[in-house]
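S.K.: Got a structure for you, written out below as structure tokens; questions coming shortly.
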Amino acid sequence: MESSTSRTSLNCISLADPDIQRSVALLKQACLDSGFFYVLDHGISQEFMDEVFAESKKFFELPNSEKMKLLRNEKNRGYTPMLDEILDPENQVNGDYKEGYYIGVEVPADDPQSNKPFYGPNQWPSEEVLPKWREVMEQYHREALRVAKSVARIIALALNLDADFFDRPEMLGDSIATLRLLHYEGGQKTGQVSNPSKGVYGAGAHSDYGLITLLATDDVVGLQICKDRNAQPQVWEYVAPVKGGFIVNLGDMLERWSNSIFRFVNILIVLFLSFL
């Protein structure tokens with residue numbers, strides 16, 4: 001696997017731009033090129049984003065014994081420990097050097113919907129341990145889903161569909177929207193530093209399987225993308241973080257739904273990021 005230290009440039013789409021056709025054109029160009037773009041002016045305040053990061057950090061700083069009480073269940077909700085996942089087994093010697101926490105749409109256990117795969121109640125740290133945690137994460141889940149649906153409307157227009165195409169009940173009406181907190185711990189605690197030549201990664205090469213992913217990061221550069229996954233050798237480029245915005249990428253499902261008009265690219269975390 002060939003890695004580049006250069007940075008790629010991505011289109012920026014403002015959800016506050018009154019010129020929707022400009023947003024459609026920028027998104028369409030990005031989706032035809034790499035499937036990655038930035039979303040700005042999304043309506044989530046920086047103050048609240050900072051609070052989400054702070055609460056995420058509090059969870060990952062808990063003792064392992066406390067976190068393991070919330071181990072991910074069959075509904076794909078809860079904690080995943082370090083090395084639990086391996087995204088690129090052909091090139092990784094161990095699992096990913098990250099830990100995570102999955103939160104989905106809250107569906108009570110006595111609701112008939114909870115019998116469906118990936119629907120059900122979330123797991124939450126106790127109020128005694130993390131008093132505000134559930135409140136903050138549920139609000140962030142709602143806000144991020146709102147942003148995702150706004151982006152989906154621009155995607156629909158870029159595919160020459162009605163703007164509300166993905167809002168329909170049979171499409172994203174009951175979406176399986178997952179908030180995933182990630183902590184790339186880094187060499188100061190694990191003794192491991194990301195080293196692609198030795199098969200050590202924060203997160204191995206992969207594509208996302210859903211419709212779109214909204215990625216909020218801190219200011220540490222670590223994400224790389226490969227725009228042409230069929231190239232030999234592959235060339236990987238860094239994506240710079242953007243303060244107050246999201247890095248957005250398309251998933252496998254959208255490539256399939258668009259008959260490969262819109263494309264996804266491979267993703268790699270080669271540096272260890274910090275929280276979320």
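FYI, nothing fancy with the structure tokens labels: chains A, B, ... in order, residues from 1 per chain, ligands from 1 as they appear.
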Write out as CSV the residues of region 79-169 of chain A that have any atom within 9 Å of an atom of region 13-19 of chain A, one row each with the nearest atom pair and its distance in Å to one decimal, counting only C-alpha atoms, sorted by chain and then rising number.
M.R.:
residue,atom,partner,partner_atom,distance
A:Val147,CA,A:Leu15,CA,8.6
A:Ser150,CA,A:Leu15,CA,7.7
A:Val151,CA,A:Leu15,CA,8.0
S.K.: Kindly save the residues from that selection, with all heavy atoms included, as a PDB file, in the first residue's frame.
M.R.:
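Full text of selection_15.pdb as output:
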ATOM      1  N   VAL A 147     -28.800  17.180   9.758  1.00  0.00           N
ATOM      2  CA  VAL A 147     -27.817  17.613   8.766  1.00  0.00           C
ATOM      3  C   VAL A 147     -27.713  16.580   7.641  1.00  0.00           C
ATOM      4  O   VAL A 147     -27.682  16.932   6.457  1.00  0.00           O
ATOM      5  CB  VAL A 147     -26.439  17.831   9.424  1.00  0.00           C
ATOM      6  CG1 VAL A 147     -25.378  18.151   8.368  1.00  0.00           C
ATOM      7  CG2 VAL A 147     -26.506  18.946  10.458  1.00  0.00           C
ATOM      8  N   SER A 150     -30.473  16.931   5.247  1.00  0.00           N
ATOM      9  CA  SER A 150     -30.292  18.113   4.399  1.00  0.00           C
ATOM     10  C   SER A 150     -29.329  17.811   3.254  1.00  0.00           C
ATOM     11  O   SER A 150     -29.558  18.216   2.106  1.00  0.00           O
ATOM     12  CB  SER A 150     -29.767  19.288   5.227  1.00  0.00           C
ATOM     13  OG  SER A 150     -30.704  19.684   6.200  1.00  0.00           O
ATOM     14  N   VAL A 151     -28.255  17.100   3.569  1.00  0.00           N
ATOM     15  CA  VAL A 151     -27.298  16.703   2.533  1.00  0.00           C
ATOM     16  C   VAL A 151     -27.957  15.744   1.544  1.00  0.00           C
ATOM     17  O   VAL A 151     -27.746  15.836   0.327  1.00  0.00           O
ATOM     18  CB  VAL A 151     -26.051  16.064   3.167  1.00  0.00           C
ATOM     19  CG1 VAL A 151     -25.108  15.530   2.087  1.00  0.00           C
ATOM     20  CG2 VAL A 151     -25.318  17.066   4.055  1.00  0.00           C
TER      21      VAL A 151
END
S.K.: Could you write out, as number ranges by chain, all the residues of region 50-228 of chain A that DSSP marks as helix (DSSP H, G or I)?
M.R.: A: 50-60, 64-70, 112-115, 133-158, 165-167, 169-173, 187-190, 196-198
S.K.: Check the smallest atom-to-atom distance from each of A:Pro117, A:Gly95, A:Pro125, A:Pro233 to Lys67 (chain A) using only C-alpha atoms, then report the winner.
M.R.: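 Among the listed residues, A:Pro125 lies closest to Lys67 (chain A).
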S.K.: Got a sec: who's within 8 Å of region 52-62 of chain A, counting only C-alpha atoms, leaving out chain neighbours fewer than 3 positions off, as a list of chain:residue names?
M.R.: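 In the requested form, the answer reads A:Phe48, A:Met49, A:Glu66, A:Lys67, A:Leu130, A:Lys132, A:Trp133, A:Val136, A:Met137, A:Tyr140, A:Leu181, A:His183, A:Phe275, A:Leu276.
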S.K.: Can those selected residues be exported to a file as a CSV table (one decimal), in the first residue's frame so that it contains all heavy atoms?
M.R.:
chain,number,residue,atom,x,y,z
A,48,PHE,N,-21.7,23.6,21.1
A,48,PHE,CA,-22.3,22.3,21.3
A,48,PHE,C,-21.4,21.2,20.8
A,48,PHE,O,-21.2,20.2,21.5
A,48,PHE,CB,-23.7,22.2,20.7
A,48,PHE,CG,-24.3,20.9,21.0
A,48,PHE,CD1,-24.6,20.4,22.3
A,48,PHE,CD2,-24.7,20.0,19.9
A,48,PHE,CE1,-25.2,19.2,22.5
A,48,PHE,CE2,-25.3,18.8,20.1
A,48,PHE,CZ,-25.5,18.4,21.4
A,49,MET,N,-20.8,21.4,19.7
A,49,MET,CA,-19.8,20.4,19.2
A,49,MET,C,-18.7,20.2,20.2
A,49,MET,O,-18.3,19.1,20.4
A,49,MET,CB,-19.2,20.9,17.8
A,49,MET,CG,-20.2,21.0,16.7
A,49,MET,SD,-20.8,19.3,16.1
A,49,MET,CE,-19.3,18.8,15.3
A,66,GLU,N,-15.4,-0.2,33.7
A,66,GLU,CA,-16.7,0.5,33.6
A,66,GLU,C,-17.2,0.5,32.1
A,66,GLU,O,-18.4,0.3,31.9
A,66,GLU,CB,-16.5,2.0,34.0
A,66,GLU,CG,-17.7,2.7,34.4
A,66,GLU,CD,-18.4,2.2,35.6
A,66,GLU,OE1,-17.7,1.8,36.6
A,66,GLU,OE2,-19.7,2.1,35.6
A,67,LYS,N,-16.2,0.6,31.2
A,67,LYS,CA,-16.6,0.6,29.8
A,67,LYS,C,-17.1,-0.8,29.3
A,67,LYS,O,-18.0,-0.9,28.5
A,67,LYS,CB,-15.4,1.1,28.9
A,67,LYS,CG,-15.1,2.6,29.1
A,67,LYS,CD,-14.0,3.1,28.2
A,67,LYS,CE,-12.6,2.6,28.6
A,67,LYS,NZ,-11.5,3.2,27.9
A,130,LEU,N,-21.7,9.4,34.5
A,130,LEU,CA,-21.7,10.5,33.5
A,130,LEU,C,-23.1,11.2,33.4
A,130,LEU,O,-23.9,10.8,32.6
A,130,LEU,CB,-21.3,9.9,32.1
A,130,LEU,CG,-19.9,9.3,32.0
A,130,LEU,CD1,-19.7,8.7,30.6
A,130,LEU,CD2,-18.8,10.4,32.2
A,132,LYS,N,-24.5,14.0,32.3
A,132,LYS,CA,-25.1,14.7,31.2
A,132,LYS,C,-25.0,13.9,29.9
A,132,LYS,O,-25.5,14.3,28.8
A,132,LYS,CB,-24.5,16.0,31.0
A,132,LYS,CG,-24.7,17.0,32.1
A,132,LYS,CD,-24.0,18.3,31.8
A,132,LYS,CE,-24.4,18.9,30.4
A,132,LYS,NZ,-23.6,20.2,30.2
A,133,TRP,N,-24.4,12.7,30.0
A,133,TRP,CA,-23.9,12.1,28.7
A,133,TRP,C,-25.0,11.7,27.8
A,133,TRP,O,-25.0,12.0,26.6
A,133,TRP,CB,-23.1,10.8,29.1
A,133,TRP,CG,-22.1,10.4,28.2
A,133,TRP,CD1,-20.8,10.9,28.0
A,133,TRP,CD2,-22.2,9.4,27.2
A,133,TRP,NE1,-20.1,10.3,27.1
A,133,TRP,CE2,-20.9,9.4,26.5
A,133,TRP,CE3,-23.2,8.5,26.8
A,133,TRP,CZ2,-20.7,8.5,25.5
A,133,TRP,CZ3,-22.9,7.6,25.8
A,133,TRP,CH2,-21.7,7.6,25.1
A,136,VAL,N,-26.7,14.8,26.1
A,136,VAL,CA,-25.9,15.4,25.0
A,136,VAL,C,-25.8,14.5,23.8
A,136,VAL,O,-26.0,15.0,22.7
A,136,VAL,CB,-24.5,15.6,25.6
A,136,VAL,CG1,-23.5,16.0,24.4
A,136,VAL,CG2,-24.5,16.7,26.6
A,137,MET,N,-25.7,13.2,24.0
A,137,MET,CA,-25.5,12.4,22.8
A,137,MET,C,-26.8,12.2,22.0
A,137,MET,O,-26.9,12.1,20.8
A,137,MET,CB,-25.0,11.0,23.2
A,137,MET,CG,-23.6,11.0,23.8
A,137,MET,SD,-22.4,11.9,22.7
A,137,MET,CE,-21.0,12.2,23.8
A,140,TYR,N,-27.2,15.3,20.0
A,140,TYR,CA,-26.3,15.4,18.9
A,140,TYR,C,-26.7,14.4,17.8
A,140,TYR,O,-26.6,14.7,16.6
A,140,TYR,CB,-24.9,15.0,19.4
A,140,TYR,CG,-23.8,15.1,18.3
A,140,TYR,CD1,-23.6,16.3,17.6
A,140,TYR,CD2,-23.1,13.9,17.9
A,140,TYR,CE1,-22.6,16.3,16.6
A,140,TYR,CE2,-22.2,14.0,16.9
A,140,TYR,CZ,-21.9,15.2,16.2
A,140,TYR,OH,-21.0,15.3,15.2
A,181,LEU,N,-19.0,7.2,18.3
A,181,LEU,CA,-17.9,8.0,18.9
A,181,LEU,C,-16.6,7.1,18.8
A,181,LEU,O,-16.6,5.9,19.0
A,181,LEU,CB,-18.1,8.2,20.4
A,181,LEU,CG,-19.5,8.8,20.7
A,181,LEU,CD1,-19.7,8.9,22.2
A,181,LEU,CD2,-19.7,10.2,20.1
A,183,HIS,N,-12.3,6.9,19.5
A,183,HIS,CA,-11.1,7.4,20.2
A,183,HIS,C,-9.9,6.6,19.7
A,183,HIS,O,-9.7,5.4,19.9
A,183,HIS,CB,-11.2,7.2,21.7
A,183,HIS,CG,-10.0,7.5,22.5
A,183,HIS,ND1,-9.7,6.8,23.6
A,183,HIS,CD2,-9.0,8.4,22.3
A,183,HIS,CE1,-8.5,7.2,24.1
A,183,HIS,NE2,-8.1,8.2,23.3
A,275,PHE,N,-10.1,12.3,20.4
A,275,PHE,CA,-11.4,11.9,20.8
A,275,PHE,C,-12.5,12.2,19.7
A,275,PHE,O,-12.4,13.2,19.1
A,275,PHE,CB,-11.8,12.5,22.1
A,275,PHE,CG,-11.0,12.1,23.2
A,275,PHE,CD1,-9.8,12.8,23.6
A,275,PHE,CD2,-11.3,10.9,23.9
A,275,PHE,CE1,-9.0,12.3,24.6
A,275,PHE,CE2,-10.5,10.5,25.0
A,275,PHE,CZ,-9.4,11.2,25.3
A,276,LEU,N,-13.5,11.3,19.7
A,276,LEU,CA,-14.7,11.3,18.9
A,276,LEU,C,-14.4,10.7,17.5
A,276,LEU,O,-13.8,11.4,16.6
A,276,LEU,CB,-15.2,12.7,18.7
A,276,LEU,CG,-16.7,12.8,18.1
A,276,LEU,CD1,-17.6,12.1,19.1
A,276,LEU,CD2,-17.1,14.2,17.9
S.K.: Name the residues of region 62-102 of chain A that come out as strand (DSSP E) in a backbone DSSP run; write them as a short mmCIF file (atom, residue, chain, number, x, y, z; two decimals) with N, CA and C atoms, in the first residue's frame.
M.R.:
data_model
loop_
_atom_site.label_atom_id
_atom_site.label_comp_id
_atom_site.auth_asym_id
_atom_site.auth_seq_id
_atom_site.Cartn_x
_atom_site.Cartn_y
_atom_site.Cartn_z
N GLY A 78 -23.38 0.17 21.83
CA GLY A 78 -22.49 0.02 22.97
C GLY A 78 -21.02 0.17 22.61
N TYR A 79 -20.19 -0.32 23.49
CA TYR A 79 -18.74 -0.07 23.47
C TYR A 79 -17.98 -1.14 22.69
N THR A 80 -17.02 -0.70 21.88
CA THR A 80 -16.09 -1.61 21.21
C THR A 80 -14.67 -1.30 21.68
N GLU A 99 -10.92 2.67 19.94
CA GLU A 99 -12.09 2.19 20.66
C GLU A 99 -13.27 3.06 20.26
N GLY A 100 -14.48 2.51 20.39
CA GLY A 100 -15.63 3.25 19.91
C GLY A 100 -16.87 3.02 20.75
N TYR A 101 -17.91 3.75 20.39
CA TYR A 101 -19.20 3.59 21.08
C TYR A 101 -20.30 3.86 20.06
N TYR A 102 -21.22 2.90 19.93
CA TYR A 102 -22.31 2.99 18.96
C TYR A 102 -23.61 3.43 19.65
#
S.K.: List the spatial neighbours of Asp219 (chain A) as an MDAnalysis selection string - criterion: any atom at most 8 Å away, only C-alpha atoms, same-chain residues fewer than 4 positions off excluded.
M.R.: chainID A and resid 241:243
S.K.: Store the residues picked out above, limited to N, CA, C and O atoms, as a JSON list (two decimals), in the first residue's frame.
M.R.:
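The resulting file, part_4.json, is reproduced below:
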[["chain", "number", "residue", "atom", "x", "y", "z"],
["A", 241, "PRO", "N", -8.62, 18.45, 8.53],
["A", 241, "PRO", "CA", -9.82, 18.72, 9.34],
["A", 241, "PRO", "C", -10.35, 20.11, 9.02],
["A", 241, "PRO", "O", -9.61, 20.98, 8.55],
["A", 242, "VAL", "N", -11.63, 20.34, 9.27],
["A", 242, "VAL", "CA", -12.21, 21.66, 9.08],
["A", 242, "VAL", "C", -12.96, 22.04, 10.35],
["A", 242, "VAL", "O", -13.87, 21.34, 10.79],
["A", 243, "LYS", "N", -12.55, 23.13, 10.96],
["A", 243, "LYS", "CA", -13.15, 23.58, 12.22],
["A", 243, "LYS", "C", -14.61, 23.94, 12.01],
["A", 243, "LYS", "O", -14.95, 24.73, 11.12]]
S.K.: Identify, on the basis of only C-alpha atoms, every residue whose closest approach to Leu250 (chain A) does not exceed 10 Å; exclude the query and any residue fewer than 4 positions from it along the same chain; express the result as a PyMOL selection string.
M.R.: chain A and resi 30-31+34-37+207-214+254-255+262-265
S.K.: Between A:Asn249, A:Ser258, A:Gln224, A:Asn91, which is the closest to Leu161 (chain A) once you count only C-alpha atoms?
M.R.: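 Using only C-alpha atoms, Leu161 (chain A) sits closest to A:Ser258.
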S.K.: Neighbours of Leu159 (chain A) within 9 Å (only C-alpha atoms; same-chain residues fewer than 2 positions away dropped), as a list in words?
M.R.: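 With the cut-off at 9 Å, the set is Lys28, Ile154, Ile155, Ala156, Leu157, Leu161, Asp162, Ser258, Ile261 and Phe262 of chain A.
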S.K.: Using only C-alpha atoms, which residues sit within 7 Å of Phe166 (chain A) once same-chain residues fewer than 5 positions away are excluded, as a PyMOL selection string?
M.R.: chain A and resi 152-153+171-172
S.K.: May I have the residues from that selection written out with N, CA and C atoms, as a PDB file, in the first residue's frame?
M.R.:
ATOM      1  N   ALA A 152     -28.775  14.827   2.052  1.00  0.00           N
ATOM      2  CA  ALA A 152     -29.451  13.863   1.180  1.00  0.00           C
ATOM      3  C   ALA A 152     -30.370  14.557   0.178  1.00  0.00           C
ATOM      4  N   ARG A 153     -30.954  15.684   0.564  1.00  0.00           N
ATOM      5  CA  ARG A 153     -31.814  16.418  -0.372  1.00  0.00           C
ATOM      6  C   ARG A 153     -30.996  17.008  -1.519  1.00  0.00           C
ATOM      7  N   MET A 171     -37.741   5.144   1.978  1.00  0.00           N
ATOM      8  CA  MET A 171     -36.309   5.399   1.816  1.00  0.00           C
ATOM      9  C   MET A 171     -35.663   5.613   3.185  1.00  0.00           C
ATOM     10  N   LEU A 172     -35.679   6.841   3.688  1.00  0.00           N
ATOM     11  CA  LEU A 172     -35.026   7.135   4.967  1.00  0.00           C
ATOM     12  C   LEU A 172     -36.029   7.501   6.056  1.00  0.00           C
TER      13      LEU A 172
END
S.K.: Here is a test: counting only C-alpha atoms, which residue of A:Leu40, A:Leu70, A:Ala158, A:Ile225 is nearest to Ala25 (chain A)?
M.R.: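 For Ala25 (chain A), the nearest of the candidates is A:Ala158.
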S.K.: CA of Asp88 (chain A) and CA of Val200 (chain A), how far apart in Å?
M.R.: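 Distance reported for this atom pair: 10.5 Å.
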S.K.: CA of Arg168 (chain A) and CA of Cys12 (chain A) are how many Å apart?
M.R.: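 Rounded to one decimal, the two atoms are 26.8 Å apart.
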